[in-house]
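Worksheet for the structure shown next.
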Amino acid sequence: MTKILCIGAGYVGGPTMAMIAKNNLDVEVTVVDINQKRIDAWNSDDLPIYEPGLDEVVNEARGRNLFFSTDVEKGIADADIIFVSVNTPTKTFGQGAGYAADLQYWEKCARQILAVSTSDKIVVEKSTLPVRTADAMERILESGKTGVRFDVLSNPEFLAEGTAIVDLENPDRVLIGGHPTPEGQKAVQALVEVYAAWVKRENIITTNLWSSELSKLTANAFLAQRVSSINSISALCEATEADVGEVAYAIGKDSRIGSKFLKASVGFGGSCFKKDILNLVYLCKTYGLDEVAEYWHQVVKMNDYQERRFVARILKEMFNTIAGKRIALFGFAFKADTGDTRESPAILIARELLAENAEVVITDPQALEYAKTDLADVIDRVTFEPDPYKAAEGAHAVALLTEWKEYQTLDYQKIFDSMPQPSFLFDGRNHLDHQALHDIGFNVYSIGKAALKHI
Ligand code: NAD
Ligand code: UGA
């Protein structure tokens with residue numbers, strides 16, 4: 001029986017391995033992590049991440065051919081194929097701080113694999129890594145002279161949070177990069193077989209290692225670029241009474257442009273867009289490609305501008321003073337259907353509102369615990385309230401920051417009646433029925449559309 005190990009039981013490792021185990025009954029999959037709490041949660045009924053459909057997939061495979069453990073060494077020793085799916089955050093220290101990927105977790109894995117292995121392994125980069133990281137991984141693994149053979153592959157993950165299970169079940173493509181040598185291609189084919197258990201072969205793309213590594217960073221950069229592009233136009237819409245929804249629809253109808261990822265918003269969040277673009281910027285600078293670096297850097301700068309512009313608008317429209325005013329944030333997760341708050345625009349927005357001495361109250365159906373951690377240093381100045389009605393009670397303004405479906409069906413008349421007048425609603429996701437809210441009496445401000453005001 002083939003044994004697969006995944007190091008890193010996070011948002012990628014957990015769901016991806018569960019899907020592999022579900023579809024490969026002849027493969028034993030173990031997911032290991034140094035975080036005992038996380039592994040305990042994976043082994044419980046209360047999984048460590050909120051992801052629609054994940055419980056079903058895990059319940060089907062766990063205990064059968066899917067296992068979660070903290071015994072990293074045993075996992076490595078037993079495995080034929082090792083996925084490395086550890087975190088690769090932006091470096092916060094030393095050279096490249098603020099831009100480069102922090103590779104310490106990944107590097108520790110490489111060394112541990114070398115130290116523990118006594119049989120040949122295929123080592124798969126699942127984490128998002130700078131192009132040519134596989135070269136470094138190979139150099140570490142080949143430094144041991146243990147007689148053990150390691151074949152390194154790149155197999156980046158393209159799932160999006162909130163839709164991870166659908167994305168894994170039916171991926172646009174699976175990408176596998178390997179060396180063109182016979183051994184490299186044999187390793188590629190072994191991994192192709194794992195995915196071919198449920199993914200059509202024409203959707204499994206094989207490339208050289210560097211193309212695979214670079215394709216991941218490029219895909220995220222292109223996706224984020226579309227969001228920044230439409231967000232930049234949203235600012236122009238607000239100045240000209242054009243409607244960004246109509247503009248996005250009109251341009252998206254052009255099949256060369258396409259309609260996806262053109263939803264103007266308060267800004268993109270998530271653990272990867274910003275970090276991966278900054279990593280790309282750093283890589284370009286490293287290779288002396290300053291103009292290319294600056295081109296991509298602008299995508300992140302535009303996002304920062306969009307987040308700050310949202311707060312500036314709140315302040316301006318509320319008579320340039322929000323000191324002492326209660327402002328309810330509807331949603332803290334970086335997008336709907338996830339409890340993840342990493343790089344959520346809500347973090348900066350909450351902090352900027354606090355800087356204006358506003359009284360901030362936060363509601364979210366899944367993300368309140370992470371919100372508390374994100375705002376730990378100012379926690380005594382923030383209220384966390386699971387019930388949106390209670391959060392809005394007495395608030396001068398509601399600012400919708402996450403497009404949770406349940407926010408569309410709230411009783412906004414009831415909310416309006418519980419707020420002092422004039423009351424304001426800032427829709428950072430263009431998620432609500434603005435005309436209906438205006439009819440109730442709200443002063444409504446959205447992204448890239450004319451305001452609907454009574455005052
Ligand atoms: P995560 O932080 O949720 O999970 C990483 C896990 O690795 C953590 O639980 C951590 O404890 C564990 N870990 C770190 N070092 C370890 C070690 N030496 N041994 C054992 N475990 C160790 O991260 P994530 O969101 O799953 O992302 C993982 C990688 O996948 C990143 O490179 C990310 O860029 C990429 N990625 C993420 C997503 C996403 O939607 N989150 C999508 C595609 C790609
Ligand atoms: C993104 C990519 O979509 C995945 O393909 C990739 O694997 C992943 O990053 C990763 O590498 O981590 P994710 O960040 O989970 O996935 O979620 P997205 O759906 O891409 O949304 C990212 C952010 O952009 C969210 O804050 C979302 O609200 C925002 N967004 C997205 C918009 O503001 N407008 C849009 O039209 C689309």
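In the structure tokens, the first chain shown is A, the next is B, and so on; residue numbers restart at 1 for each chain, and ligands run from 1 in the order shown.
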
Would you mind listing, for every residue of chain A within 6 Å of ligand 2, the two atoms forming the shortest contact and the distance between them in Å to one decimal, using only C-alpha atoms and all ligand atoms, sorted by chain and ascending residue number, as a Markdown table?
```
| residue | atom | partner | partner_atom_place_in_ligand_line | distance |
| --- | --- | --- | --- | --- |
| A:Glu157 | CA | ligand 2 | 7 (O) | 5.5 |
| A:Phe158 | CA | ligand 2 | 7 (O) | 3.3 |
| A:Leu159 | CA | ligand 2 | 7 (O) | 4.2 |
| A:Ala160 | CA | ligand 2 | 15 (O) | 3.5 |
| A:Glu161 | CA | ligand 2 | 15 (O) | 3.7 |
| A:Asn220 | CA | ligand 2 | 2 (C) | 5.9 |
| A:Val227 | CA | ligand 2 | 34 (N) | 5.1 |
| A:Phe261 | CA | ligand 2 | 36 (O) | 3.2 |
| A:Leu262 | CA | ligand 2 | 36 (O) | 4.2 |
| A:Lys263 | CA | ligand 2 | 36 (O) | 3.5 |
| A:Ala264 | CA | ligand 2 | 34 (N) | 5.5 |
| A:Ser265 | CA | ligand 2 | 33 (O) | 4.5 |
| A:Gly267 | CA | ligand 2 | 33 (O) | 5.3 |
| A:Phe268 | CA | ligand 2 | 26 (O) | 3.7 |
| A:Gly269 | CA | ligand 2 | 26 (O) | 3.8 |
| A:Gly270 | CA | ligand 2 | 14 (O) | 4.5 |
| A:Ser271 | CA | ligand 2 | 12 (O) | 6.0 |
| A:Cys272 | CA | ligand 2 | 12 (O) | 4.3 |
| A:Phe273 | CA | ligand 2 | 9 (O) | 5.9 |
| A:Phe334 | CA | ligand 2 | 26 (O) | 4.6 |
| A:Lys335 | CA | ligand 2 | 28 (O) | 4.4 |
```

_What's around Lys453 in chain A at 9 Å? Count only C-alpha atoms, leave out sequence neighbours fewer than 5 positions away in its own chain, and write the answer as an MDAnalysis selection string._
chainID A and resid 424 438 441:445

DSSP on the backbone, helix (DSSP H, G or I) only: what residues of range 97-261 of chain A does that give? Format it as an MDAnalysis selection string. chainID A and resid 104:116 133:141 164:169 182:196 201:203 209:240 244:252

Applying 10 Å and only C-alpha atoms, which residues near Gly98 in chain A remain after dropping the ones on its own chain fewer than 3 positions away? List them as a PyMOL selection string. chain A and resi 89-95+101-102+275+278-279+282

Ligand 1: which residues are within 7 Å, counting only C-alpha atoms and all ligand atoms, as a PDB file with N, CA and C atoms, in the first residue's frame?
```
ATOM      1  N   ILE A   7       3.074  17.010   5.663  1.00  0.00           N
ATOM      2  CA  ILE A   7       3.561  17.772   6.813  1.00  0.00           C
ATOM      3  C   ILE A   7       2.881  19.143   6.769  1.00  0.00           C
ATOM      4  N   GLY A   8       2.075  19.421   7.791  1.00  0.00           N
ATOM      5  CA  GLY A   8       1.300  20.667   7.827  1.00  0.00           C
ATOM      6  C   GLY A   8      -0.174  20.363   7.692  1.00  0.00           C
ATOM      7  N   ALA A   9      -0.915  20.485   8.807  1.00  0.00           N
ATOM      8  CA  ALA A   9      -2.347  20.155   8.813  1.00  0.00           C
ATOM      9  C   ALA A   9      -3.179  21.429   8.816  1.00  0.00           C
ATOM     10  N   GLY A  10      -2.885  22.337   7.877  1.00  0.00           N
ATOM     11  CA  GLY A  10      -3.585  23.618   7.840  1.00  0.00           C
ATOM     12  C   GLY A  10      -4.723  23.635   6.837  1.00  0.00           C
ATOM     13  N   TYR A  11      -5.013  24.829   6.337  1.00  0.00           N
ATOM     14  CA  TYR A  11      -6.128  25.040   5.404  1.00  0.00           C
ATOM     15  C   TYR A  11      -5.919  24.268   4.106  1.00  0.00           C
ATOM     16  N   VAL A  12      -4.652  24.025   3.756  1.00  0.00           N
ATOM     17  CA  VAL A  12      -4.371  23.274   2.531  1.00  0.00           C
ATOM     18  C   VAL A  12      -4.162  21.797   2.837  1.00  0.00           C
ATOM     19  N   GLY A  13      -3.251  21.505   3.769  1.00  0.00           N
ATOM     20  CA  GLY A  13      -2.903  20.112   4.056  1.00  0.00           C
ATOM     21  C   GLY A  13      -4.116  19.270   4.424  1.00  0.00           C
ATOM     22  N   VAL A  32       0.487  15.178   9.412  1.00  0.00           N
ATOM     23  CA  VAL A  32       1.139  15.468  10.695  1.00  0.00           C
ATOM     24  C   VAL A  32       1.333  16.969  10.874  1.00  0.00           C
ATOM     25  N   ASP A  33       1.404  17.358  12.122  1.00  0.00           N
ATOM     26  CA  ASP A  33       1.623  18.770  12.437  1.00  0.00           C
ATOM     27  C   ASP A  33       2.278  18.836  13.811  1.00  0.00           C
ATOM     28  N   ILE A  34       3.051  19.916  14.035  1.00  0.00           N
ATOM     29  CA  ILE A  34       3.666  20.086  15.347  1.00  0.00           C
ATOM     30  C   ILE A  34       2.670  20.696  16.329  1.00  0.00           C
ATOM     31  N   ASN A  35       1.563  21.169  15.814  1.00  0.00           N
ATOM     32  CA  ASN A  35       0.547  21.823  16.649  1.00  0.00           C
ATOM     33  C   ASN A  35      -0.447  20.776  17.169  1.00  0.00           C
ATOM     34  N   ARG A  38      -4.202  21.512  16.972  1.00  0.00           N
ATOM     35  CA  ARG A  38      -4.766  21.372  15.630  1.00  0.00           C
ATOM     36  C   ARG A  38      -5.037  19.914  15.301  1.00  0.00           C
ATOM     37  N   VAL A  72       5.720  13.298  13.649  1.00  0.00           N
ATOM     38  CA  VAL A  72       6.272  13.687  12.338  1.00  0.00           C
ATOM     39  C   VAL A  72       7.336  12.680  11.892  1.00  0.00           C
ATOM     40  N   SER A  85       3.404  20.953   3.277  1.00  0.00           N
ATOM     41  CA  SER A  85       2.347  21.960   3.164  1.00  0.00           C
ATOM     42  C   SER A  85       2.360  22.883   4.369  1.00  0.00           C
ATOM     43  N   VAL A  86       3.556  23.295   4.741  1.00  0.00           N
ATOM     44  CA  VAL A  86       3.692  24.170   5.907  1.00  0.00           C
ATOM     45  C   VAL A  86       3.503  25.623   5.469  1.00  0.00           C
ATOM     46  N   ASN A  87       3.351  26.497   6.464  1.00  0.00           N
ATOM     47  CA  ASN A  87       3.142  27.908   6.159  1.00  0.00           C
ATOM     48  C   ASN A  87       4.422  28.564   5.641  1.00  0.00           C
ATOM     49  N   THR A  88       4.237  29.535   4.739  1.00  0.00           N
ATOM     50  CA  THR A  88       5.374  30.255   4.153  1.00  0.00           C
ATOM     51  C   THR A  88       5.043  31.750   4.194  1.00  0.00           C
ATOM     52  N   TYR A 105      10.158  27.323   8.114  1.00  0.00           N
ATOM     53  CA  TYR A 105       9.357  26.129   8.434  1.00  0.00           C
ATOM     54  C   TYR A 105       9.577  25.052   7.376  1.00  0.00           C
ATOM     55  N   TRP A 106       9.624  25.538   6.129  1.00  0.00           N
ATOM     56  CA  TRP A 106       9.845  24.641   5.011  1.00  0.00           C
ATOM     57  C   TRP A 106      11.241  23.991   5.109  1.00  0.00           C
ATOM     58  N   LYS A 108      13.109  23.520   7.749  1.00  0.00           N
ATOM     59  CA  LYS A 108      13.167  22.561   8.865  1.00  0.00           C
ATOM     60  C   LYS A 108      12.624  21.206   8.402  1.00  0.00           C
ATOM     61  N   CYS A 109      11.576  21.257   7.610  1.00  0.00           N
ATOM     62  CA  CYS A 109      10.986  20.004   7.107  1.00  0.00           C
ATOM     63  C   CYS A 109      12.000  19.260   6.250  1.00  0.00           C
ATOM     64  N   LYS A 126       4.016  21.395  -1.678  1.00  0.00           N
ATOM     65  CA  LYS A 126       2.610  21.794  -1.772  1.00  0.00           C
ATOM     66  C   LYS A 126       2.472  23.256  -1.366  1.00  0.00           C
ATOM     67  N   SER A 127       3.310  23.690  -0.434  1.00  0.00           N
ATOM     68  CA  SER A 127       3.315  25.102  -0.036  1.00  0.00           C
ATOM     69  C   SER A 127       3.619  25.960  -1.253  1.00  0.00           C
ATOM     70  N   THR A 128       3.204  27.213  -1.185  1.00  0.00           N
ATOM     71  CA  THR A 128       3.564  28.184  -2.224  1.00  0.00           C
ATOM     72  C   THR A 128       4.965  28.698  -1.924  1.00  0.00           C
ATOM     73  N   LEU A 129       5.852  28.563  -2.891  1.00  0.00           N
ATOM     74  CA  LEU A 129       7.261  28.870  -2.638  1.00  0.00           C
ATOM     75  C   LEU A 129       7.851  29.701  -3.769  1.00  0.00           C
ATOM     76  N   PRO A 156       1.725  22.857  -6.693  1.00  0.00           N
ATOM     77  CA  PRO A 156       1.051  23.932  -5.949  1.00  0.00           C
ATOM     78  C   PRO A 156      -0.444  23.705  -5.855  1.00  0.00           C
ATOM     79  N   GLU A 157      -1.031  24.309  -4.824  1.00  0.00           N
ATOM     80  CA  GLU A 157      -2.475  24.144  -4.597  1.00  0.00           C
ATOM     81  C   GLU A 157      -3.208  25.417  -5.012  1.00  0.00           C
ATOM     82  N   PHE A 158      -4.331  25.245  -5.724  1.00  0.00           N
ATOM     83  CA  PHE A 158      -5.077  26.405  -6.216  1.00  0.00           C
ATOM     84  C   PHE A 158      -6.433  26.565  -5.548  1.00  0.00           C
ATOM     85  N   LEU A 159      -6.711  25.771  -4.510  1.00  0.00           N
ATOM     86  CA  LEU A 159      -8.034  25.875  -3.883  1.00  0.00           C
ATOM     87  C   LEU A 159      -8.210  27.264  -3.259  1.00  0.00           C
ATOM     88  N   ALA A 160      -9.461  27.702  -3.208  1.00  0.00           N
ATOM     89  CA  ALA A 160      -9.785  28.945  -2.502  1.00  0.00           C
ATOM     90  C   ALA A 160     -10.565  28.570  -1.248  1.00  0.00           C
ATOM     91  N   GLU A 161     -10.347  29.299  -0.175  1.00  0.00           N
ATOM     92  CA  GLU A 161     -11.078  29.008   1.063  1.00  0.00           C
ATOM     93  C   GLU A 161     -12.559  29.326   0.862  1.00  0.00           C
ATOM     94  N   SER A 271      -4.702  34.848   3.270  1.00  0.00           N
ATOM     95  CA  SER A 271      -3.317  34.632   3.681  1.00  0.00           C
ATOM     96  C   SER A 271      -2.337  34.707   2.523  1.00  0.00           C
ATOM     97  N   CYS A 272      -2.832  34.708   1.290  1.00  0.00           N
ATOM     98  CA  CYS A 272      -1.881  34.480   0.199  1.00  0.00           C
ATOM     99  C   CYS A 272      -1.686  35.609  -0.808  1.00  0.00           C
TER     100      CYS A 272
END
```

Residues within 10 Å of range 356-370 of chain A, please, as a VMD selection string. Count only C-alpha atoms; anything in the same chain fewer than 6 positions from it doesn't count. chain A and resid 49 to 50 311 315 320 to 334 336 to 342 346 350 376 381 to 392 395 to 396 398 to 402 404 406 to 407

Restrict the selected residues to N, CA and C atoms and save them as a compact mmCIF listing (two decimals), in the first residue's frame.
```
# COMPACT_ATOMS: atom_id res chain seq x y z
N ILE A 49 -10.83 23.96 11.02
CA ILE A 49 -11.18 25.02 10.07
C ILE A 49 -12.62 24.86 9.62
N TYR A 50 -13.26 26.00 9.37
CA TYR A 50 -14.63 25.96 8.87
C TYR A 50 -14.58 25.99 7.35
N VAL A 311 -12.39 53.69 4.94
CA VAL A 311 -12.45 54.35 6.25
C VAL A 311 -12.58 55.86 6.07
N LEU A 315 -15.55 58.36 7.58
CA LEU A 315 -15.28 59.55 8.37
C LEU A 315 -15.90 60.79 7.71
N ASN A 320 -17.15 64.09 9.48
CA ASN A 320 -15.75 64.19 9.87
C ASN A 320 -15.48 63.96 11.35
N THR A 321 -16.41 63.30 12.01
CA THR A 321 -16.12 62.90 13.39
C THR A 321 -16.87 61.63 13.75
N ILE A 322 -16.10 60.65 14.16
CA ILE A 322 -16.74 59.40 14.62
C ILE A 322 -16.31 59.10 16.06
N ALA A 323 -15.64 60.05 16.68
CA ALA A 323 -15.21 59.85 18.08
C ALA A 323 -16.43 59.57 18.94
N GLY A 324 -16.38 58.49 19.70
CA GLY A 324 -17.49 58.15 20.61
C GLY A 324 -18.68 57.52 19.91
N LYS A 325 -18.66 57.44 18.58
CA LYS A 325 -19.80 56.84 17.88
C LYS A 325 -19.61 55.34 17.75
N ARG A 326 -20.69 54.62 17.99
CA ARG A 326 -20.63 53.15 17.86
C ARG A 326 -20.75 52.79 16.39
N ILE A 327 -19.82 51.98 15.92
CA ILE A 327 -19.87 51.52 14.53
C ILE A 327 -19.82 49.99 14.54
N ALA A 328 -20.82 49.39 13.91
CA ALA A 328 -20.92 47.92 13.89
C ALA A 328 -20.32 47.38 12.60
N LEU A 329 -19.34 46.50 12.74
CA LEU A 329 -18.76 45.86 11.57
C LEU A 329 -19.47 44.53 11.35
N PHE A 330 -20.15 44.39 10.23
CA PHE A 330 -20.81 43.13 9.88
C PHE A 330 -19.81 42.29 9.07
N GLY A 331 -19.21 41.33 9.75
CA GLY A 331 -18.26 40.45 9.08
C GLY A 331 -16.83 40.84 9.40
N PHE A 332 -16.02 39.83 9.72
CA PHE A 332 -14.59 40.07 9.99
C PHE A 332 -13.71 39.12 9.16
N ALA A 333 -14.30 38.00 8.70
CA ALA A 333 -13.53 37.05 7.86
C ALA A 333 -13.15 37.74 6.54
N PHE A 334 -12.10 37.25 5.89
CA PHE A 334 -11.63 37.92 4.67
C PHE A 334 -12.53 37.67 3.47
N ALA A 336 -16.62 35.34 2.62
CA ALA A 336 -17.68 34.54 3.24
C ALA A 336 -17.30 33.06 3.25
N ASP A 337 -17.99 32.30 4.09
CA ASP A 337 -17.84 30.85 4.17
C ASP A 337 -16.48 30.39 4.68
N THR A 338 -15.80 31.25 5.40
CA THR A 338 -14.58 30.84 6.07
C THR A 338 -14.49 31.57 7.40
N GLY A 339 -13.81 30.96 8.37
CA GLY A 339 -13.58 31.64 9.64
C GLY A 339 -12.21 32.32 9.63
N ASP A 340 -11.51 32.24 8.51
CA ASP A 340 -10.15 32.75 8.41
C ASP A 340 -10.16 34.28 8.33
N THR A 341 -9.30 34.91 9.11
CA THR A 341 -9.23 36.38 9.09
C THR A 341 -7.86 36.88 8.64
N ARG A 342 -7.02 35.99 8.15
CA ARG A 342 -5.66 36.42 7.81
C ARG A 342 -5.70 37.51 6.74
N ALA A 346 -10.86 43.83 7.28
CA ALA A 346 -11.53 44.24 8.53
C ALA A 346 -10.51 44.60 9.61
N ALA A 350 -10.92 48.14 11.34
CA ALA A 350 -11.22 48.24 12.77
C ALA A 350 -10.18 49.13 13.46
N ALA A 376 -5.91 41.67 19.65
CA ALA A 376 -5.59 41.39 21.06
C ALA A 376 -5.05 42.62 21.79
N ARG A 381 -11.01 47.77 23.88
CA ARG A 381 -11.74 48.88 23.23
C ARG A 381 -12.74 48.37 22.19
N VAL A 382 -12.84 47.04 22.04
CA VAL A 382 -13.70 46.47 21.00
C VAL A 382 -14.71 45.54 21.64
N THR A 383 -15.95 45.53 21.10
CA THR A 383 -16.96 44.58 21.57
C THR A 383 -17.13 43.51 20.49
N PHE A 384 -17.22 42.26 20.92
CA PHE A 384 -17.43 41.15 19.98
C PHE A 384 -18.83 40.60 20.27
N GLU A 385 -19.66 40.57 19.25
CA GLU A 385 -21.07 40.25 19.47
C GLU A 385 -21.57 39.31 18.36
N PRO A 386 -21.88 38.06 18.72
CA PRO A 386 -22.31 37.12 17.68
C PRO A 386 -23.63 37.51 17.01
N ASP A 387 -24.50 38.23 17.73
CA ASP A 387 -25.81 38.56 17.17
C ASP A 387 -25.76 39.91 16.43
N PRO A 388 -25.98 39.90 15.12
CA PRO A 388 -25.87 41.16 14.36
C PRO A 388 -26.87 42.23 14.82
N TYR A 389 -28.05 41.79 15.28
CA TYR A 389 -29.04 42.78 15.74
C TYR A 389 -28.51 43.52 16.97
N LYS A 390 -27.92 42.74 17.89
CA LYS A 390 -27.38 43.37 19.10
C LYS A 390 -26.18 44.26 18.74
N ALA A 391 -25.39 43.80 17.77
CA ALA A 391 -24.21 44.58 17.36
C ALA A 391 -24.64 45.94 16.83
N ALA A 392 -25.74 45.96 16.08
CA ALA A 392 -26.17 47.21 15.44
C ALA A 392 -26.93 48.13 16.39
N ALA A 395 -25.93 51.74 17.22
CA ALA A 395 -24.79 52.14 16.37
C ALA A 395 -25.20 53.27 15.43
N HIS A 396 -24.28 54.19 15.21
CA HIS A 396 -24.54 55.24 14.23
C HIS A 396 -24.40 54.70 12.81
N VAL A 398 -23.53 50.98 10.31
CA VAL A 398 -23.18 49.58 10.08
C VAL A 398 -22.25 49.57 8.87
N ALA A 399 -21.12 48.85 8.99
CA ALA A 399 -20.23 48.70 7.83
C ALA A 399 -20.13 47.21 7.52
N LEU A 400 -20.62 46.84 6.36
CA LEU A 400 -20.58 45.41 5.99
C LEU A 400 -19.24 45.11 5.32
N LEU A 401 -18.48 44.19 5.92
CA LEU A 401 -17.13 43.91 5.40
C LEU A 401 -16.97 42.50 4.84
N THR A 402 -17.90 41.60 5.18
CA THR A 402 -17.82 40.23 4.64
C THR A 402 -19.19 39.86 4.07
N TRP A 404 -21.33 37.57 3.98
CA TRP A 404 -22.07 36.41 4.50
C TRP A 404 -23.50 36.47 3.98
N GLU A 406 -26.19 35.35 5.21
CA GLU A 406 -27.23 35.69 6.20
C GLU A 406 -27.41 37.20 6.38
N TYR A 407 -26.43 37.99 5.98
CA TYR A 407 -26.60 39.44 6.12
C TYR A 407 -27.60 39.99 5.12
```

Selected residue, from A:Glu193, A:Asp26, A:Asp80, A:Asp135, that lies nearest to Ile122 in chain A when counting only C-alpha atoms:
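The shortest atom-to-atom distance to Ile122 in chain A comes from A:Asp80.
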
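Every protein, DNA or RNA residue with an atom at most 7 Å from range 55-71 of chain A, where only C-alpha atoms count and chain neighbours fewer than 5 positions away do not, is listed here: A:Ala18, A:Met19, A:Ala21, A:Lys22, A:Leu25, A:Val27, A:Glu28, A:Val29, A:Thr30, A:Val31, A:Val32, A:Asp33, A:Ile34, A:Gln36, A:Ile39, A:Trp42, A:Asn43.
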
If you count only C-alpha atoms, the residue of A:Cys284, A:Ile447, A:Met1, A:Ala196 closest to Ala242 in chain A turns out to be A:Ile447

Could you go through range 150-191 of chain A and tell me which residues DSSP, when run on the backbone, assigns to strand (DSSP E or B), listing them as a PyMOL selection string? chain A and resi 150-154+174-178

Residues just named, written with N, CA and C atoms as a short mmCIF file (atom, residue, chain, number, x, y, z; two decimals), in the first residue's frame:
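In the end it all went to result-v8.cif:
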```cif
data_model
loop_
_atom_site.label_atom_id
_atom_site.label_comp_id
_atom_site.auth_asym_id
_atom_site.auth_seq_id
_atom_site.Cartn_x
_atom_site.Cartn_y
_atom_site.Cartn_z
N PHE A 150 15.93 10.92 -3.22
CA PHE A 150 14.80 11.85 -3.08
C PHE A 150 14.49 12.47 -4.44
N ASP A 151 13.26 12.40 -4.86
CA ASP A 151 12.83 13.11 -6.06
C ASP A 151 11.91 14.24 -5.64
N VAL A 152 12.28 15.46 -6.01
CA VAL A 152 11.49 16.62 -5.57
C VAL A 152 10.54 17.05 -6.70
N LEU A 153 9.26 17.23 -6.34
CA LEU A 153 8.26 17.70 -7.29
C LEU A 153 7.63 18.98 -6.76
N SER A 154 7.08 19.76 -7.68
CA SER A 154 6.27 20.92 -7.27
C SER A 154 4.83 20.63 -7.65
N VAL A 174 -4.73 20.41 -12.22
CA VAL A 174 -3.75 20.03 -11.20
C VAL A 174 -2.40 20.23 -11.88
N LEU A 175 -1.47 20.88 -11.19
CA LEU A 175 -0.19 21.18 -11.81
C LEU A 175 0.93 20.41 -11.10
N ILE A 176 1.70 19.70 -11.89
CA ILE A 176 2.81 18.93 -11.30
C ILE A 176 4.09 19.24 -12.08
N GLY A 177 5.08 19.74 -11.37
CA GLY A 177 6.36 20.05 -12.01
C GLY A 177 7.42 19.08 -11.54
N GLY A 178 8.25 18.62 -12.49
CA GLY A 178 9.34 17.71 -12.13
C GLY A 178 10.49 17.86 -13.10
#
```

inquiry  = So, with only C-alpha atoms as the atoms that count, which of A:Asn231, A:Asn303, A:Asn155, A:Asn208 lies closest to Val192 in chain A?
reply    =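 Checking each candidate against Val192 in chain A, we get A:Asn155 as the closest.
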
Separation of CA of Ser418 in chain A from CA of Glu393 in chain A, in Å and rounded to one decimal: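 Here the two named atoms are 5.0 Å from each other.
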
Would you pick out the contacts of Trp296 in chain A at 12 Å or less, using only C-alpha atoms, so that residues sharing its chain but fewer than 2 positions from it are not included, and give the list as number ranges by chain?
A: 217-218, 220-226, 228-229, 273-285, 289-294, 298-303

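With only C-alpha atoms taken into account, the protein and nucleic acid residues at most 8 Å from Arg149 in chain A (excluding it and anything under 4 positions from it in its own chain) are Ser119, Asp120 and Lys121 of chain A.
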